Each structure stands twice: as structure tokens, then as C-alpha cells.
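Pasted below: start.cif, mmCIF, N, CA and C atoms.
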data_input
#
loop_
_atom_site.label_atom_id
_atom_site.label_comp_id
_atom_site.auth_asym_id
_atom_site.auth_seq_id
_atom_site.Cartn_x
_atom_site.Cartn_y
_atom_site.Cartn_z
N MET P 1 -25.95 34.63 -16.61
CA MET P 1 -26.10 33.30 -16.06
C MET P 1 -25.78 33.37 -14.56
N ALA P 2 -26.67 32.84 -13.75
CA ALA P 2 -26.48 32.85 -12.30
C ALA P 2 -25.59 31.68 -11.89
N VAL P 3 -24.66 31.97 -10.99
CA VAL P 3 -23.78 30.93 -10.46
C VAL P 3 -24.15 30.72 -9.00
N SER P 4 -24.33 29.47 -8.64
CA SER P 4 -24.68 29.15 -7.26
C SER P 4 -23.64 28.20 -6.71
N GLN P 5 -22.82 28.73 -5.80
CA GLN P 5 -21.77 27.94 -5.17
C GLN P 5 -21.70 28.32 -3.71
N GLY P 6 -21.00 27.52 -2.97
CA GLY P 6 -20.79 27.86 -1.57
C GLY P 6 -21.25 26.74 -0.67
N MET P 7 -21.31 27.06 0.60
CA MET P 7 -21.62 26.04 1.58
C MET P 7 -22.23 26.69 2.80
N ASN P 8 -23.21 26.01 3.34
CA ASN P 8 -23.74 26.37 4.66
C ASN P 8 -22.88 25.57 5.64
N ARG P 9 -21.76 26.15 6.05
CA ARG P 9 -20.76 25.45 6.84
C ARG P 9 -21.34 24.84 8.11
N PRO P 10 -22.12 25.56 8.91
CA PRO P 10 -22.67 24.93 10.11
C PRO P 10 -23.54 23.71 9.80
N ALA P 11 -24.30 23.77 8.71
CA ALA P 11 -25.14 22.63 8.34
C ALA P 11 -24.28 21.43 7.93
N VAL P 12 -23.22 21.70 7.18
CA VAL P 12 -22.33 20.61 6.75
C VAL P 12 -21.64 19.98 7.96
N LEU P 13 -21.21 20.80 8.91
CA LEU P 13 -20.60 20.25 10.12
C LEU P 13 -21.60 19.44 10.95
N MET P 14 -22.85 19.89 10.97
CA MET P 14 -23.88 19.13 11.67
C MET P 14 -24.12 17.78 10.98
N ILE P 15 -24.14 17.78 9.67
CA ILE P 15 -24.31 16.55 8.92
C ILE P 15 -23.12 15.61 9.15
N ALA P 16 -21.92 16.16 9.20
CA ALA P 16 -20.73 15.35 9.48
C ALA P 16 -20.88 14.69 10.86
N GLY P 17 -21.40 15.43 11.82
CA GLY P 17 -21.63 14.87 13.14
C GLY P 17 -22.65 13.75 13.11
N GLN P 18 -23.70 13.92 12.30
CA GLN P 18 -24.70 12.86 12.17
C GLN P 18 -24.08 11.63 11.52
N LEU P 19 -23.22 11.84 10.54
CA LEU P 19 -22.54 10.72 9.91
C LEU P 19 -21.66 9.98 10.92
N ASP P 20 -20.99 10.73 11.80
CA ASP P 20 -20.20 10.09 12.86
C ASP P 20 -21.09 9.22 13.74
N SER P 21 -22.24 9.76 14.09
CA SER P 21 -23.19 9.01 14.92
C SER P 21 -23.69 7.76 14.20
N ASP P 22 -23.98 7.90 12.92
CA ASP P 22 -24.44 6.76 12.13
C ASP P 22 -23.37 5.69 12.01
N GLN P 23 -22.13 6.12 11.83
CA GLN P 23 -21.02 5.16 11.75
C GLN P 23 -20.91 4.40 13.07
N GLN P 24 -21.05 5.09 14.17
CA GLN P 24 -20.97 4.44 15.48
C GLN P 24 -22.13 3.48 15.68
N THR P 25 -23.30 3.84 15.18
CA THR P 25 -24.46 2.95 15.27
C THR P 25 -24.20 1.65 14.53
N VAL P 26 -23.62 1.73 13.34
CA VAL P 26 -23.28 0.52 12.58
C VAL P 26 -22.24 -0.30 13.34
N ALA P 27 -21.22 0.36 13.88
CA ALA P 27 -20.18 -0.36 14.64
C ALA P 27 -20.77 -1.03 15.87
N ASP P 28 -21.67 -0.34 16.57
CA ASP P 28 -22.32 -0.93 17.75
C ASP P 28 -23.18 -2.13 17.35
N LEU P 29 -23.89 -2.01 16.25
CA LEU P 29 -24.71 -3.11 15.76
C LEU P 29 -23.85 -4.33 15.45
N MET P 30 -22.73 -4.09 14.79
CA MET P 30 -21.81 -5.19 14.47
C MET P 30 -21.34 -5.88 15.74
N GLN P 31 -20.95 -5.10 16.73
CA GLN P 31 -20.44 -5.66 17.98
C GLN P 31 -21.52 -6.47 18.71
N ARG P 32 -22.71 -5.91 18.82
CA ARG P 32 -23.81 -6.61 19.50
C ARG P 32 -24.17 -7.90 18.78
N THR P 33 -24.27 -7.83 17.46
CA THR P 33 -24.64 -9.00 16.69
C THR P 33 -23.55 -10.06 16.74
N SER P 34 -22.30 -9.66 16.70
CA SER P 34 -21.20 -10.62 16.81
C SER P 34 -21.27 -11.35 18.16
N SER P 35 -21.58 -10.61 19.20
CA SER P 35 -21.71 -11.22 20.52
C SER P 35 -22.86 -12.23 20.55
N VAL P 36 -23.98 -11.84 19.97
CA VAL P 36 -25.15 -12.73 19.94
C VAL P 36 -24.85 -13.98 19.11
N VAL P 37 -24.21 -13.80 17.98
CA VAL P 37 -23.87 -14.95 17.13
C VAL P 37 -22.90 -15.86 17.88
N GLY P 38 -21.95 -15.29 18.61
CA GLY P 38 -21.03 -16.10 19.40
C GLY P 38 -21.76 -16.93 20.44
N THR P 39 -22.74 -16.34 21.09
CA THR P 39 -23.54 -17.07 22.07
C THR P 39 -24.40 -18.13 21.38
N LEU P 40 -24.93 -17.78 20.24
CA LEU P 40 -25.77 -18.71 19.49
C LEU P 40 -25.01 -19.98 19.13
N VAL P 41 -23.80 -19.83 18.60
CA VAL P 41 -23.06 -21.02 18.17
C VAL P 41 -22.57 -21.86 19.35
N GLN P 42 -22.58 -21.29 20.53
CA GLN P 42 -22.26 -22.08 21.73
C GLN P 42 -23.46 -22.93 22.17
N ASN P 43 -24.63 -22.60 21.61
CA ASN P 43 -25.86 -23.28 22.01
C ASN P 43 -26.59 -23.95 20.86
N TRP P 44 -26.00 -23.94 19.70
CA TRP P 44 -26.61 -24.55 18.52
C TRP P 44 -25.48 -25.24 17.78
N PHE P 45 -25.61 -26.52 17.56
CA PHE P 45 -24.52 -27.32 17.02
C PHE P 45 -24.90 -27.91 15.68
N GLY P 46 -23.91 -28.11 14.86
CA GLY P 46 -24.13 -28.77 13.58
C GLY P 46 -23.82 -27.86 12.41
N HIS P 47 -24.10 -28.41 11.23
CA HIS P 47 -23.78 -27.71 9.98
C HIS P 47 -24.52 -26.38 9.86
N ASP P 48 -25.81 -26.38 10.20
CA ASP P 48 -26.60 -25.15 10.07
C ASP P 48 -26.02 -24.03 10.94
N SER P 49 -25.60 -24.40 12.14
CA SER P 49 -25.00 -23.42 13.04
C SER P 49 -23.70 -22.86 12.46
N SER P 50 -22.89 -23.76 11.93
CA SER P 50 -21.63 -23.34 11.33
C SER P 50 -21.87 -22.42 10.14
N GLN P 51 -22.87 -22.75 9.32
CA GLN P 51 -23.19 -21.92 8.16
C GLN P 51 -23.70 -20.55 8.59
N PHE P 52 -24.52 -20.55 9.64
CA PHE P 52 -25.05 -19.30 10.17
C PHE P 52 -23.91 -18.38 10.60
N ALA P 53 -22.96 -18.93 11.34
CA ALA P 53 -21.82 -18.14 11.81
C ALA P 53 -20.96 -17.67 10.64
N ALA P 54 -20.77 -18.54 9.66
CA ALA P 54 -19.97 -18.15 8.49
C ALA P 54 -20.67 -17.04 7.71
N ASP P 55 -21.99 -17.15 7.58
CA ASP P 55 -22.75 -16.09 6.89
C ASP P 55 -22.59 -14.76 7.62
N TRP P 56 -22.65 -14.81 8.95
CA TRP P 56 -22.49 -13.57 9.72
C TRP P 56 -21.11 -12.98 9.47
N GLY P 57 -20.09 -13.82 9.40
CA GLY P 57 -18.74 -13.32 9.12
C GLY P 57 -18.69 -12.51 7.83
N THR P 58 -19.39 -13.00 6.82
CA THR P 58 -19.44 -12.28 5.54
C THR P 58 -20.19 -10.96 5.69
N HIS P 59 -21.34 -11.02 6.34
CA HIS P 59 -22.15 -9.81 6.52
C HIS P 59 -21.42 -8.78 7.40
N CYS P 60 -20.72 -9.27 8.38
CA CYS P 60 -19.98 -8.38 9.28
C CYS P 60 -18.93 -7.58 8.49
N LYS P 61 -18.26 -8.25 7.58
CA LYS P 61 -17.27 -7.55 6.74
C LYS P 61 -17.94 -6.48 5.89
N GLN P 62 -19.12 -6.79 5.38
CA GLN P 62 -19.85 -5.81 4.57
C GLN P 62 -20.27 -4.61 5.42
N LEU P 63 -20.71 -4.89 6.63
CA LEU P 63 -21.08 -3.79 7.53
C LEU P 63 -19.87 -2.94 7.89
N GLN P 64 -18.71 -3.59 8.07
CA GLN P 64 -17.49 -2.84 8.38
C GLN P 64 -17.13 -1.91 7.22
N MET P 65 -17.30 -2.42 6.00
CA MET P 65 -17.03 -1.56 4.83
C MET P 65 -17.99 -0.38 4.80
N ALA P 66 -19.26 -0.62 5.15
CA ALA P 66 -20.23 0.48 5.20
C ALA P 66 -19.84 1.49 6.27
N ALA P 67 -19.47 1.01 7.46
CA ALA P 67 -19.06 1.91 8.54
C ALA P 67 -17.84 2.73 8.14
N ASP P 68 -16.89 2.08 7.48
CA ASP P 68 -15.69 2.79 7.02
C ASP P 68 -16.05 3.87 5.99
N THR P 69 -16.98 3.55 5.10
CA THR P 69 -17.41 4.51 4.09
C THR P 69 -18.09 5.71 4.73
N ILE P 70 -18.94 5.45 5.71
CA ILE P 70 -19.63 6.54 6.41
C ILE P 70 -18.61 7.43 7.13
N ALA P 71 -17.60 6.81 7.77
CA ALA P 71 -16.56 7.59 8.46
C ALA P 71 -15.79 8.45 7.45
N THR P 72 -15.50 7.90 6.29
CA THR P 72 -14.80 8.65 5.25
C THR P 72 -15.65 9.83 4.77
N MET P 73 -16.94 9.60 4.61
CA MET P 73 -17.83 10.68 4.19
C MET P 73 -17.82 11.81 5.22
N SER P 74 -17.85 11.45 6.50
CA SER P 74 -17.82 12.46 7.56
C SER P 74 -16.53 13.26 7.52
N ARG P 75 -15.40 12.56 7.40
CA ARG P 75 -14.11 13.26 7.33
C ARG P 75 -14.06 14.18 6.13
N HIS P 76 -14.55 13.71 5.01
CA HIS P 76 -14.54 14.51 3.79
C HIS P 76 -15.39 15.78 3.97
N ALA P 77 -16.55 15.64 4.58
CA ALA P 77 -17.40 16.81 4.81
C ALA P 77 -16.70 17.81 5.72
N ARG P 78 -16.01 17.33 6.76
CA ARG P 78 -15.29 18.22 7.68
C ARG P 78 -14.14 18.94 6.96
N VAL P 79 -13.42 18.21 6.12
CA VAL P 79 -12.32 18.83 5.36
C VAL P 79 -12.87 19.91 4.44
N GLN P 80 -13.97 19.61 3.77
CA GLN P 80 -14.56 20.59 2.87
C GLN P 80 -15.04 21.83 3.64
N ALA P 81 -15.61 21.62 4.82
CA ALA P 81 -16.06 22.75 5.64
C ALA P 81 -14.88 23.59 6.10
N THR P 82 -13.78 22.94 6.46
CA THR P 82 -12.57 23.65 6.88
C THR P 82 -12.00 24.44 5.71
N ASP P 83 -11.95 23.79 4.54
CA ASP P 83 -11.45 24.47 3.34
C ASP P 83 -12.33 25.67 2.98
N GLN P 84 -13.65 25.50 3.13
CA GLN P 84 -14.58 26.60 2.84
C GLN P 84 -14.33 27.77 3.78
N GLN P 85 -14.12 27.46 5.06
CA GLN P 85 -13.85 28.51 6.05
C GLN P 85 -12.55 29.23 5.70
N ALA P 86 -11.52 28.47 5.35
CA ALA P 86 -10.23 29.09 5.01
C ALA P 86 -10.36 29.97 3.77
N THR P 87 -11.12 29.51 2.79
CA THR P 87 -11.31 30.29 1.57
C THR P 87 -12.11 31.56 1.85
N SER P 88 -13.12 31.43 2.69
CA SER P 88 -13.98 32.58 3.00
C SER P 88 -13.26 33.66 3.80
N THR P 89 -12.28 33.25 4.62
CA THR P 89 -11.59 34.22 5.47
C THR P 89 -10.32 34.77 4.84
N SER P 90 -9.95 34.23 3.68
CA SER P 90 -8.71 34.73 3.06
C SER P 90 -8.99 35.79 2.03
#

Structure rendered as C-alpha cells:
Amino acid sequence: MAVSQGMNRPAVLMIAGQLDSDQQTVADLMQRTSSVVGTLVQNWFGHDSSQFAADWGTHCKQLQMAADTIATMSRHARVQATDQQATSTS
């Protein structure tokens, strides 16, 4: 029976870097959209405006959870790559 295990460490580190970039993209999107929504509610009044801002608050929290998850995935990939390197050199 053939066993296939291991890691292409440079590829995993490159993927971790892409995950870092993706997490930053989500964070930047959140910041830009929050700014736009803030400007919007200064120029749009009434119940619909309030609901729009409240909806964004909910979506913003969801995006933050996604960004946090992506950051965790990146850290996990880096830890695994470090562990693989330590195992390979010992």
C-alpha cells in the first residue's frame, strides 16, 4: 500500500501569504464600505437610511468573522509549514 504524506513547504508558505493578502482585502473592503455608509447616512434621512446602516452593521460583523477566519487559516498553514520543516530537519 502506497503512503502519500508530506508538504510542499514553499507552496504552503506562498498560499499562507495569499491568505494574508485576502484577509487584508476583506479588511480594506470593510473599512471603505463603512466610510461610504457613514457618508450615505449623513445625506439620506429617515427609516430606510437607518435600516440600511443597521443592515451594514450586521454584514460588517459577518465580514469581520470571515477576515478573522482567513487570518487563522494563514497562521495555521504557517505553523504546519514550520512543523514540517522541524520534522524534516530532525

task = List the residues matched by the PyMOL selection byres ((chain P and resi 79-88) around 8) in the displayed structure as a list in words, ordered by chain and then by residue number.
result =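 Checked against the file, the PyMOL selection byres ((chain P and resi 79-88) around 8) matches Gly6, Met7, Asn8, Arg9, Pro10, Val12, Leu13, Met73, Ser74, Arg75, His76, Ala77, Arg78, Thr89 and Ser90 of chain P.
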
Chain and number of each residue from the PyMOL selection byres (((chain P and resi 63-71 and name CA) around 8) and name CA), as a PyMOL selection string = chain P and resi 19-20+22-24+26-27+30+59-62+72-75

Write the selection just made, keeping N, CA and C atoms, as an mmCIF file, in the frame of the given file?
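Saved as selection17.cif:
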data_model
loop_
_atom_site.group_PDB
_atom_site.id
_atom_site.type_symbol
_atom_site.label_atom_id
_atom_site.label_comp_id
_atom_site.auth_asym_id
_atom_site.auth_seq_id
_atom_site.Cartn_x
_atom_site.Cartn_y
_atom_site.Cartn_z
ATOM 1 N N LEU P 19 -23.220 11.840 10.540
ATOM 2 C CA LEU P 19 -22.540 10.720 9.910
ATOM 3 C C LEU P 19 -21.660 9.980 10.920
ATOM 4 N N ASP P 20 -20.990 10.730 11.800
ATOM 5 C CA ASP P 20 -20.200 10.090 12.860
ATOM 6 C C ASP P 20 -21.090 9.220 13.740
ATOM 7 N N ASP P 22 -23.980 7.900 12.920
ATOM 8 C CA ASP P 22 -24.440 6.760 12.130
ATOM 9 C C ASP P 22 -23.370 5.690 12.010
ATOM 10 N N GLN P 23 -22.130 6.120 11.830
ATOM 11 C CA GLN P 23 -21.020 5.160 11.750
ATOM 12 C C GLN P 23 -20.910 4.400 13.070
ATOM 13 N N GLN P 24 -21.050 5.090 14.170
ATOM 14 C CA GLN P 24 -20.970 4.440 15.480
ATOM 15 C C GLN P 24 -22.130 3.480 15.680
ATOM 16 N N VAL P 26 -23.620 1.730 13.340
ATOM 17 C CA VAL P 26 -23.280 0.520 12.580
ATOM 18 C C VAL P 26 -22.240 -0.300 13.340
ATOM 19 N N ALA P 27 -21.220 0.360 13.880
ATOM 20 C CA ALA P 27 -20.180 -0.360 14.640
ATOM 21 C C ALA P 27 -20.770 -1.030 15.870
ATOM 22 N N MET P 30 -22.730 -4.090 14.790
ATOM 23 C CA MET P 30 -21.810 -5.190 14.470
ATOM 24 C C MET P 30 -21.340 -5.880 15.740
ATOM 25 N N HIS P 59 -21.340 -11.020 6.340
ATOM 26 C CA HIS P 59 -22.150 -9.810 6.520
ATOM 27 C C HIS P 59 -21.420 -8.780 7.400
ATOM 28 N N CYS P 60 -20.720 -9.270 8.380
ATOM 29 C CA CYS P 60 -19.980 -8.380 9.280
ATOM 30 C C CYS P 60 -18.930 -7.580 8.490
ATOM 31 N N LYS P 61 -18.260 -8.250 7.580
ATOM 32 C CA LYS P 61 -17.270 -7.550 6.740
ATOM 33 C C LYS P 61 -17.940 -6.480 5.890
ATOM 34 N N GLN P 62 -19.120 -6.790 5.380
ATOM 35 C CA GLN P 62 -19.850 -5.810 4.570
ATOM 36 C C GLN P 62 -20.270 -4.610 5.420
ATOM 37 N N THR P 72 -15.500 7.900 6.290
ATOM 38 C CA THR P 72 -14.800 8.650 5.250
ATOM 39 C C THR P 72 -15.650 9.830 4.770
ATOM 40 N N MET P 73 -16.940 9.600 4.610
ATOM 41 C CA MET P 73 -17.830 10.680 4.190
ATOM 42 C C MET P 73 -17.820 11.810 5.220
ATOM 43 N N SER P 74 -17.850 11.450 6.500
ATOM 44 C CA SER P 74 -17.820 12.460 7.560
ATOM 45 C C SER P 74 -16.530 13.260 7.520
ATOM 46 N N ARG P 75 -15.400 12.560 7.400
ATOM 47 C CA ARG P 75 -14.110 13.260 7.330
ATOM 48 C C ARG P 75 -14.060 14.180 6.130
#

request  = Determine the nearest neighbour of Gly38 in chain P from the options P:Ala11, P:Gln18, P:Thr25, P:Ala53, counting only N, CA and C atoms.
outcome  = P:Ala53

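You will find CA of Val37 in chain P at 7.4 Å from atom C of Phe52 in chain P.
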
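The spacing separating atom C of Ser49 in chain P from CA of Asp28 in chain P amounts to 22.6 Å.
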
task = Tell me, in Å to one decimal, how far CA of Ala54 in chain P is from CA of Gln31 in chain P.
result = 15.7 Å
